[in-house]
>>> print(open('run.cif').read())   # mmCIF, C-alpha atoms
data_input
loop_
_atom_site.label_atom_id
_atom_site.label_comp_id
_atom_site.auth_asym_id
_atom_site.auth_seq_id
_atom_site.Cartn_x
_atom_site.Cartn_y
_atom_site.Cartn_z
CA MET A 21 -12.65 1.50 -41.02
CA ALA A 22 -12.95 -1.17 -38.35
CA LYS A 23 -16.08 -3.26 -38.22
CA ALA A 24 -17.86 -3.91 -34.94
CA PHE A 25 -17.33 -7.33 -33.42
CA LYS A 26 -20.18 -9.73 -33.92
CA TYR A 27 -21.13 -13.16 -32.68
CA GLY A 28 -21.88 -15.81 -35.29
CA LEU A 29 -21.13 -19.32 -36.47
CA LYS A 30 -17.38 -18.78 -36.50
CA GLY A 31 -17.39 -17.39 -32.98
CA ILE A 32 -16.71 -13.73 -32.32
CA THR A 33 -15.33 -11.92 -35.34
CA GLY A 34 -14.15 -8.42 -36.07
CA PHE A 35 -12.24 -6.55 -38.72
CA LEU A 36 -9.49 -3.96 -38.29
CA GLU A 37 -7.59 -1.89 -40.83
CA PRO A 38 -3.78 -2.16 -40.78
CA ALA A 39 -3.43 1.32 -39.23
CA GLU A 40 -5.89 0.40 -36.49
CA ARG A 41 -4.03 -2.81 -35.74
CA GLU A 42 -0.78 -0.89 -35.59
CA LEU A 43 -2.34 1.60 -33.16
CA LEU A 44 -3.71 -1.16 -30.93
CA ARG A 45 -0.40 -2.99 -31.00
CA SER A 46 1.48 0.07 -29.78
CA LEU A 47 -1.11 0.79 -27.07
CA ILE A 48 -0.88 -2.82 -25.90
CA ASP A 49 2.93 -2.68 -25.91
CA ASP A 50 2.80 0.48 -23.79
CA VAL A 51 0.61 -1.15 -21.18
CA ILE A 52 2.76 -4.29 -21.17
CA SER A 53 5.87 -2.20 -20.53
CA MET A 54 4.10 -0.47 -17.62
CA LEU A 55 3.21 -3.85 -16.15
CA GLN A 56 6.59 -5.57 -16.50
CA PRO A 57 7.70 -6.17 -12.92
CA ALA A 58 10.97 -4.56 -11.91
CA GLU A 59 13.77 -7.08 -11.65
CA HIS A 60 15.42 -7.15 -8.25
CA THR A 61 18.90 -8.59 -8.19
CA SER A 62 18.36 -9.51 -4.57
CA GLN A 63 15.22 -11.45 -5.39
CA ASP A 64 15.09 -14.83 -3.73
CA PRO A 65 14.68 -17.31 -6.64
CA LEU A 66 12.31 -19.51 -4.66
CA ALA A 67 10.15 -16.55 -3.70
CA ALA A 68 10.09 -15.45 -7.34
CA LEU A 69 9.11 -18.94 -8.40
CA ILE A 70 6.02 -18.95 -6.22
CA GLY A 71 5.15 -15.39 -7.12
CA LEU A 72 6.17 -13.62 -3.91
CA ASP A 73 7.70 -10.19 -4.17
CA MET A 74 8.68 -8.78 -0.81
CA ASP A 75 10.24 -5.67 -2.39
CA VAL A 76 7.03 -4.57 -4.07
CA GLN A 77 5.64 -1.14 -3.22
CA GLU A 78 2.38 0.61 -3.93
CA PRO A 79 2.75 2.02 -7.47
CA THR A 80 3.47 5.75 -7.70
CA ASP A 81 2.19 6.09 -11.27
CA ARG A 82 -1.57 6.67 -11.13
CA ALA A 83 -2.26 4.55 -14.19
CA VAL A 84 -0.27 1.62 -12.82
CA LYS A 85 -2.05 2.01 -9.50
CA ARG A 86 -5.40 1.86 -11.28
CA LEU A 87 -4.32 -1.37 -12.98
CA LEU A 88 -3.05 -2.80 -9.68
CA PRO A 89 -5.26 -1.25 -7.01
CA ASN A 90 -5.06 -1.67 -3.25
CA VAL A 91 -7.21 -4.52 -1.99
CA MET A 92 -8.36 -2.62 1.11
CA LYS A 93 -9.77 0.85 1.11
CA ASN A 94 -8.38 2.16 4.38
CA ASP A 95 -5.55 -0.17 5.24
CA ASP A 96 -2.37 0.53 3.29
CA GLY A 97 -0.35 -1.89 5.42
CA ALA A 98 -2.61 -4.87 4.78
CA SER A 99 -2.91 -3.85 1.13
CA LEU A 100 0.88 -3.84 0.77
CA GLU A 101 1.14 -7.24 2.43
CA PHE A 102 -1.46 -8.59 0.00
CA ARG A 103 0.40 -6.94 -2.89
CA GLN A 104 3.57 -8.82 -1.93
CA LEU A 105 1.69 -12.10 -2.27
CA THR A 106 -0.37 -11.39 -5.38
CA GLU A 107 0.87 -8.48 -7.45
CA ARG A 108 3.43 -10.39 -9.46
CA SER A 109 0.91 -12.96 -10.62
CA LEU A 110 -1.68 -10.25 -11.34
CA ARG A 111 0.86 -8.47 -13.54
CA GLU A 112 1.50 -11.76 -15.33
CA THR A 113 -2.22 -12.39 -15.84
CA LYS A 114 -2.65 -8.96 -17.38
CA ILE A 115 0.46 -9.23 -19.55
CA GLY A 116 -0.76 -12.67 -20.71
CA ALA A 117 -4.10 -11.24 -21.86
CA LEU A 118 -2.40 -8.27 -23.56
CA ARG A 119 0.07 -10.53 -25.39
CA ALA A 120 -2.73 -12.87 -26.50
CA ALA A 121 -4.64 -9.91 -27.95
CA ALA A 122 -1.51 -8.58 -29.67
CA LEU A 123 -0.97 -11.98 -31.35
CA ASP A 124 -4.46 -11.79 -32.87
CA LEU A 125 -3.52 -8.49 -34.51
CA ASP A 126 -1.49 -10.20 -37.21
CA ARG A 127 -4.48 -10.48 -39.53
CA ASP A 128 -7.18 -8.06 -40.74
CA GLU A 129 -9.94 -10.35 -39.64
CA VAL A 130 -9.98 -11.11 -35.94
CA VAL A 131 -11.63 -14.44 -35.07
CA LEU A 132 -11.93 -15.11 -31.36
CA THR A 133 -12.76 -18.11 -29.21
CA ALA A 134 -14.57 -17.47 -25.92
CA GLU A 135 -11.21 -17.41 -24.14
CA GLY A 136 -9.63 -15.20 -26.79
CA ALA A 137 -12.53 -12.77 -26.48
CA ARG A 138 -12.06 -12.65 -22.72
CA PHE A 139 -8.36 -11.83 -23.18
CA TRP A 140 -9.28 -9.12 -25.68
CA SER A 141 -11.87 -7.56 -23.40
CA MET A 142 -9.37 -7.51 -20.51
CA ALA A 143 -6.64 -6.06 -22.74
CA LEU A 144 -8.89 -3.33 -24.17
CA ASN A 145 -10.10 -2.51 -20.68
CA ASP A 146 -6.55 -2.08 -19.37
CA VAL A 147 -5.62 0.05 -22.39
CA ARG A 148 -8.67 2.26 -21.70
CA LEU A 149 -7.86 2.54 -18.00
CA VAL A 150 -4.39 3.81 -18.86
CA LEU A 151 -5.65 6.22 -21.53
CA ALA A 152 -8.28 7.50 -19.09
CA GLU A 153 -5.60 8.31 -16.52
CA ARG A 154 -3.56 10.15 -19.16
CA LEU A 155 -6.73 12.06 -20.15
CA ASP A 156 -7.47 12.79 -16.50
CA ILE A 157 -10.93 11.23 -16.64
CA ARG A 158 -12.01 11.40 -12.99
CA ASP A 159 -15.80 11.34 -13.18
CA GLU A 160 -18.69 10.76 -15.57
CA GLU A 161 -18.63 14.40 -16.63
CA ASP A 162 -14.99 14.16 -17.74
CA ALA A 163 -15.87 10.95 -19.59
CA GLU A 164 -18.72 12.66 -21.44
CA HIS A 165 -16.50 15.56 -22.35
CA VAL A 166 -13.93 13.19 -23.86
CA HIS A 167 -16.70 11.26 -25.58
CA LEU A 168 -17.71 14.37 -27.55
CA MET A 169 -14.42 14.20 -29.40
CA GLN A 170 -15.27 12.12 -32.47
CA ASP A 171 -13.83 13.91 -35.48
CA TRP A 172 -10.29 12.94 -36.46
CA SER A 173 -9.89 16.19 -38.40
CA GLN A 174 -10.06 17.98 -35.03
CA ALA A 175 -7.03 16.13 -33.70
CA GLU A 176 -4.68 19.04 -33.22
CA ASP A 177 -2.83 18.20 -30.05
CA VAL A 178 -1.83 15.22 -27.98
CA GLU A 179 -4.91 15.46 -25.79
CA SER A 180 -7.44 15.50 -28.60
CA TYR A 181 -5.57 12.67 -30.31
CA LEU A 182 -5.64 10.64 -27.08
CA ALA A 183 -9.35 11.36 -26.70
CA LEU A 184 -10.04 10.02 -30.20
CA VAL A 185 -7.95 6.95 -29.50
CA TYR A 186 -9.82 6.45 -26.21
CA ASN A 187 -13.17 6.71 -28.00
CA PHE A 188 -12.06 4.23 -30.65
CA THR A 189 -11.00 1.67 -28.03
CA THR A 190 -14.24 2.30 -26.10
CA TRP A 191 -16.31 1.64 -29.22
CA LEU A 192 -14.29 -1.48 -30.00
CA GLN A 193 -14.62 -2.87 -26.47
CA GLU A 194 -18.35 -2.14 -26.35
CA SER A 195 -18.94 -4.01 -29.61
CA LEU A 196 -16.79 -6.90 -28.36
CA VAL A 197 -18.63 -7.13 -25.03
CA GLN A 198 -22.02 -7.04 -26.78
CA ALA A 199 -20.89 -10.00 -28.91
CA MET A 200 -19.62 -11.78 -25.78
CA LEU A 201 -22.94 -11.23 -24.00
CA GLN A 202 -24.72 -12.71 -27.02
CA SER A 203 -22.46 -15.74 -26.90
CA LEU A 204 -23.26 -16.15 -23.18
CA ASP A 205 -26.98 -16.08 -24.04
CA ALA A 206 -26.47 -18.61 -26.81
CA ARG A 207 -24.75 -21.02 -24.43
CA ALA A 208 -27.32 -20.60 -21.68
CA MET B 15 -19.34 -20.66 5.22
CA THR B 16 -20.04 -20.74 8.88
CA LEU B 17 -21.42 -17.67 10.57
CA SER B 18 -20.71 -18.54 14.14
CA VAL B 19 -20.44 -14.94 15.27
CA ALA B 20 -23.08 -13.54 13.00
CA LEU B 21 -25.66 -16.20 13.75
CA GLY B 22 -25.23 -16.11 17.50
CA PRO B 23 -28.29 -15.61 19.69
CA ASP B 24 -29.61 -12.15 20.26
CA THR B 25 -26.70 -10.29 21.71
CA GLN B 26 -28.87 -7.82 23.58
CA GLU B 27 -29.17 -10.06 26.58
CA GLY B 28 -27.32 -12.79 28.35
CA THR B 29 -23.96 -11.72 27.03
CA ARG B 30 -21.15 -12.50 29.37
CA THR B 31 -18.51 -9.94 28.73
CA GLY B 32 -15.93 -12.16 30.37
CA THR B 33 -15.97 -14.55 27.44
CA GLU B 34 -16.09 -11.93 24.74
CA ALA B 35 -12.39 -11.64 23.98
CA SER B 36 -11.79 -15.34 23.66
CA THR B 37 -14.94 -15.85 21.58
CA ASP B 38 -13.88 -13.13 19.19
CA SER B 39 -10.41 -14.50 18.68
CA LEU B 40 -11.67 -18.03 18.21
CA THR B 41 -14.22 -17.06 15.60
CA ALA B 42 -12.36 -14.27 13.85
CA PRO B 43 -11.53 -16.36 10.75
CA ASP B 44 -15.23 -17.10 10.35
CA ILE B 45 -16.33 -13.49 10.24
CA PRO B 46 -17.73 -13.00 6.75
CA TRP B 47 -16.02 -10.62 4.38
CA ASN B 48 -17.46 -8.65 1.51
CA LEU B 49 -16.18 -8.10 -1.98
CA VAL B 50 -16.94 -4.51 -2.95
CA ILE B 51 -16.92 -3.18 -6.51
CA TRP B 52 -16.50 0.59 -6.86
CA ASN B 53 -17.81 2.83 -9.59
CA ASP B 54 -15.42 4.40 -12.03
CA PRO B 55 -16.08 6.47 -15.14
CA VAL B 56 -14.14 4.16 -17.48
CA ASN B 57 -15.45 0.63 -17.17
CA LEU B 58 -18.34 -0.08 -19.52
CA MET B 59 -21.64 -1.04 -17.92
CA SER B 60 -21.92 -3.94 -20.37
CA TYR B 61 -18.44 -5.15 -19.41
CA VAL B 62 -19.13 -4.99 -15.68
CA SER B 63 -22.31 -7.00 -16.21
CA TYR B 64 -20.42 -9.48 -18.41
CA VAL B 65 -17.80 -9.98 -15.68
CA PHE B 66 -20.48 -10.56 -13.01
CA GLN B 67 -22.24 -13.09 -15.26
CA SER B 68 -19.21 -14.97 -16.52
CA TYR B 69 -17.06 -14.96 -13.38
CA PHE B 70 -19.64 -15.36 -10.62
CA GLY B 71 -22.19 -17.20 -12.75
CA TYR B 72 -24.86 -14.65 -11.84
CA SER B 73 -28.01 -14.41 -13.97
CA GLU B 74 -28.27 -11.51 -16.37
CA SER B 75 -30.84 -9.77 -14.18
CA LYS B 76 -28.79 -10.17 -10.99
CA ALA B 77 -25.62 -9.03 -12.76
CA ASN B 78 -27.39 -5.98 -14.19
CA LYS B 79 -28.91 -5.13 -10.82
CA LEU B 80 -25.50 -5.21 -9.11
CA MET B 81 -23.94 -3.28 -11.98
CA MET B 82 -26.60 -0.55 -11.69
CA GLU B 83 -26.01 -0.39 -7.95
CA VAL B 84 -22.30 0.21 -8.57
CA HIS B 85 -23.16 2.84 -11.15
CA LYS B 86 -25.78 4.70 -9.11
CA LYS B 87 -24.63 4.25 -5.52
CA GLY B 88 -20.91 4.27 -6.21
CA ARG B 89 -20.32 0.78 -4.83
CA SER B 90 -21.93 -2.59 -4.41
CA ILE B 91 -21.20 -5.70 -2.40
CA VAL B 92 -21.19 -8.39 -5.06
CA ALA B 93 -20.03 -11.41 -3.06
CA HIS B 94 -19.49 -12.59 0.51
CA GLY B 95 -17.30 -15.29 1.92
CA SER B 96 -14.25 -16.02 3.97
CA LYS B 97 -11.40 -13.53 3.76
CA GLU B 98 -9.50 -15.92 1.48
CA GLN B 99 -12.47 -16.32 -0.85
CA VAL B 100 -13.16 -12.64 -1.29
CA GLU B 101 -9.45 -11.90 -1.69
CA ARG B 102 -9.31 -14.45 -4.49
CA HIS B 103 -12.32 -12.78 -6.11
CA ALA B 104 -10.67 -9.36 -5.71
CA VAL B 105 -7.56 -10.51 -7.58
CA ALA B 106 -9.78 -11.89 -10.35
CA MET B 107 -11.68 -8.58 -10.51
CA HIS B 108 -8.39 -6.67 -10.69
CA GLY B 109 -7.44 -9.01 -13.54
CA PHE B 110 -10.57 -7.85 -15.35
CA GLY B 111 -9.74 -4.24 -14.52
CA LEU B 112 -12.62 -3.69 -12.12
CA TRP B 113 -11.92 -1.64 -9.01
CA ALA B 114 -12.49 -4.13 -6.19
CA THR B 115 -11.73 -4.07 -2.48
CA VAL B 116 -12.44 -6.43 0.40
CA GLU B 117 -13.88 -5.47 3.77
CA LYS B 118 -15.11 -7.16 6.90
CA ALA B 119 -18.87 -7.64 6.62
CA SER B 120 -19.35 -6.58 10.23
CA GLY B 121 -17.49 -3.35 9.54
CA GLY B 122 -20.84 -2.09 8.23
CA ASN B 123 -19.84 1.44 7.27
CA SER B 124 -21.87 1.66 4.10
CA GLY B 125 -25.41 0.67 4.90
CA ASN B 126 -25.40 -1.22 1.64
CA SER B 127 -28.61 -3.10 1.08
CA LYS B 128 -26.84 -6.20 -0.19
CA ASN B 129 -25.33 -6.76 3.20
CA SER B 130 -27.23 -9.48 4.99
CA GLY B 131 -29.18 -8.55 8.06
CA LYS B 132 -27.46 -11.30 9.96
CA SER B 133 -23.94 -9.98 9.66
CA GLY B 134 -25.20 -6.45 10.24
CA GLY B 135 -26.76 -7.66 13.46
CA SER B 136 -23.45 -9.06 14.53
CA GLY B 137 -21.75 -5.73 14.10
CA GLN B 138 -24.39 -3.93 16.10
CA GLY B 139 -24.30 -6.49 18.87
CA LYS B 140 -20.57 -6.19 19.21
CA GLY B 141 -20.82 -2.43 19.27
CA LYS B 142 -23.28 -2.50 22.12
CA ARG B 143 -21.21 -4.89 24.09
CA GLY B 144 -18.10 -2.83 23.64
#
>>> encode(input="run.cif", output="structure tokens")
Amino acid sequence: MAKAFKYGLKGITGFLEPAERELLRSLIDDVISMLQPAEHTSQDPLAALIGLDMDVQEPTDRAVKRLLPNVMKNDDGASLEFRQLTERSLRETKIGALRAAALDLDRDEVVLTAEGARFWSMALNDVRLVLAERLDIRDEEDAEHVHLMQDWSQAEDVESYLALVYNFTTWLQESLVQAMLQSLDARA
Amino acid sequence: MTLSVALGPDTQEGTRTGTEASTDSLTAPDIPWNLVIWNDPVNLMSYVSYVFQSYFGYSESKANKLMMEVHKKGRSIVAHGSKEQVERHAVAMHGFGLWATVEKASGGNSGNSKNSGKSGGSGQGKGKRG
């Protein structure tokens, strides 16, 4: 069983069983594959170098759209323009955090620096956002309904399995963020 | 940040409509923008508060207050600035996984209490003139 993250002399530490690390690794890999930008053969190399992507479109997959939301509420045109300038680098930021977290999964004990903890919290958050879309969590009521699913022996179908996985990642992120808040207090 | 439009004299009187168009276009880049964070059922309250504290450098109490406003009212304006500044913040928030948008402060469609009275006044003044 995983142990909650805690803040102490070594920094932020946690413990995960091999099966839990394997699960997290595959979740992280899934999100990374969703975030890999499509390669355009027509891409101008200079534009690519500075992060521009004039071919980018608003994502059609809801989960990807939640990871890469529009920057303006009621202006799709301006949001798309902004996306062309920023989406590629946002994808890279997210993939960077996810990869950093995956690298820390090589050992049972997870020991995190402040920066490592930030990457982990971002990675877990993105994993949860994607799971929540798959579970169709649209409001607080849906979230509470999913939260009731705590018993692994009840996992009979894909949805209940996903709900348990979601609850595990929620618990893990909450314990991590509590440790990060403590470390902020300690530095203040 | 300069608030040349927002801090103008009372717009109720002495406004010369003839100069309005040119004034607006000259000062448009200075119109303050808001960074809005929207509620969603996934992001942890602790995480949202952590992001406000660590990214914006807000105190714990300010971060928690803004976080609760997002949670209870559905949205909160958590920062103001030039368009470029709030856009940069929005990208950072998206990096953290928060649902952030930018909007013109004078757009004033929310009645959000964090909006400063000054920029709100600007929006009203322009409306009356128009």
>>> resolve_selection(input="run.cif", expression="the PyMOL selection byres ((chain A) within 9 of (chain B))", output="PDB file with C-alpha atoms, keeping the file's coordinate frame")
ATOM      1  CA  ARG A  86      -5.400   1.860 -11.280  1.00  0.00           C
ATOM      2  CA  LEU A  87      -4.320  -1.370 -12.980  1.00  0.00           C
ATOM      3  CA  LEU A  88      -3.050  -2.800  -9.680  1.00  0.00           C
ATOM      4  CA  PRO A  89      -5.260  -1.250  -7.010  1.00  0.00           C
ATOM      5  CA  ASN A  90      -5.060  -1.670  -3.250  1.00  0.00           C
ATOM      6  CA  VAL A  91      -7.210  -4.520  -1.990  1.00  0.00           C
ATOM      7  CA  MET A  92      -8.360  -2.620   1.110  1.00  0.00           C
ATOM      8  CA  LYS A  93      -9.770   0.850   1.110  1.00  0.00           C
ATOM      9  CA  PHE A 102      -1.460  -8.590   0.000  1.00  0.00           C
ATOM     10  CA  THR A 106      -0.370 -11.390  -5.380  1.00  0.00           C
ATOM     11  CA  GLU A 107       0.870  -8.480  -7.450  1.00  0.00           C
ATOM     12  CA  LEU A 110      -1.680 -10.250 -11.340  1.00  0.00           C
ATOM     13  CA  ARG A 111       0.860  -8.470 -13.540  1.00  0.00           C
ATOM     14  CA  THR A 113      -2.220 -12.390 -15.840  1.00  0.00           C
ATOM     15  CA  LYS A 114      -2.650  -8.960 -17.380  1.00  0.00           C
ATOM     16  CA  ARG A 138     -12.060 -12.650 -22.720  1.00  0.00           C
ATOM     17  CA  SER A 141     -11.870  -7.560 -23.400  1.00  0.00           C
ATOM     18  CA  MET A 142      -9.370  -7.510 -20.510  1.00  0.00           C
ATOM     19  CA  ALA A 143      -6.640  -6.060 -22.740  1.00  0.00           C
ATOM     20  CA  ASN A 145     -10.100  -2.510 -20.680  1.00  0.00           C
ATOM     21  CA  ASP A 146      -6.550  -2.080 -19.370  1.00  0.00           C
ATOM     22  CA  ARG A 148      -8.670   2.260 -21.700  1.00  0.00           C
ATOM     23  CA  LEU A 149      -7.860   2.540 -18.000  1.00  0.00           C
ATOM     24  CA  ALA A 152      -8.280   7.500 -19.090  1.00  0.00           C
ATOM     25  CA  ILE A 157     -10.930  11.230 -16.640  1.00  0.00           C
ATOM     26  CA  ARG A 158     -12.010  11.400 -12.990  1.00  0.00           C
ATOM     27  CA  ASP A 159     -15.800  11.340 -13.180  1.00  0.00           C
ATOM     28  CA  GLU A 160     -18.690  10.760 -15.570  1.00  0.00           C
ATOM     29  CA  GLU A 161     -18.630  14.400 -16.630  1.00  0.00           C
ATOM     30  CA  ASP A 162     -14.990  14.160 -17.740  1.00  0.00           C
ATOM     31  CA  ALA A 163     -15.870  10.950 -19.590  1.00  0.00           C
ATOM     32  CA  THR A 190     -14.240   2.300 -26.100  1.00  0.00           C
ATOM     33  CA  GLN A 193     -14.620  -2.870 -26.470  1.00  0.00           C
ATOM     34  CA  GLU A 194     -18.350  -2.140 -26.350  1.00  0.00           C
ATOM     35  CA  VAL A 197     -18.630  -7.130 -25.030  1.00  0.00           C
ATOM     36  CA  GLN A 198     -22.020  -7.040 -26.780  1.00  0.00           C
ATOM     37  CA  MET A 200     -19.620 -11.780 -25.780  1.00  0.00           C
ATOM     38  CA  LEU A 201     -22.940 -11.230 -24.000  1.00  0.00           C
ATOM     39  CA  LEU A 204     -23.260 -16.150 -23.180  1.00  0.00           C
TER      40      LEU A 204
END
>>> atom_distance(input="run.cif", atom1="atom CA of A:Leu192", atom2="atom CA of A:Leu144")
8.2 Å
>>> atom_distance(input="run.cif", atom1="atom CA of A:Asp95", atom2="atom CA of A:Met74")
17.7 Å
>>> atom_distance(input="run.cif", atom1="atom CA of A:Ile32", atom2="atom CA of A:Ala117")
16.6 Å
>>> residues_around(input="run.cif", residues="A:Asp49", least_positions_apart="2", cutoff="12 Å", atoms="all atoms listed in the file", output="number ranges by chain")
A: 42-47, 51-56, 114-123, 143-144, 146-147
>>> axis_aligned_box(input="run.cif", around="stretch 97-111 of chain A", padding_each_side="4 Å", output="AutoDock Vina command-line options")
--center_x 0.3 --center_y -7.4 --center_z -4.1 --size_x 14.5 --size_y 19.1 --size_z 27.0
>>> closest_residue(input="run.cif", among="B:Trp47, B:Val100, B:Met107, B:Phe66", to="B:Met81", atoms="all atoms listed in the file")
B:Phe66
>>> resolve_selection(input="run.cif", expression="the PyMOL selection byres ((chain B and resi 84) around 10)", output="list in words")
Val50, Ile51, Trp52, Asn53, Asp54, Met59, Val62, Asn78, Lys79, Leu80, Met81, Met82, Glu83, His85, Lys86, Lys87, Gly88, Arg89, Ser90, Ile91 and Val92 of chain B
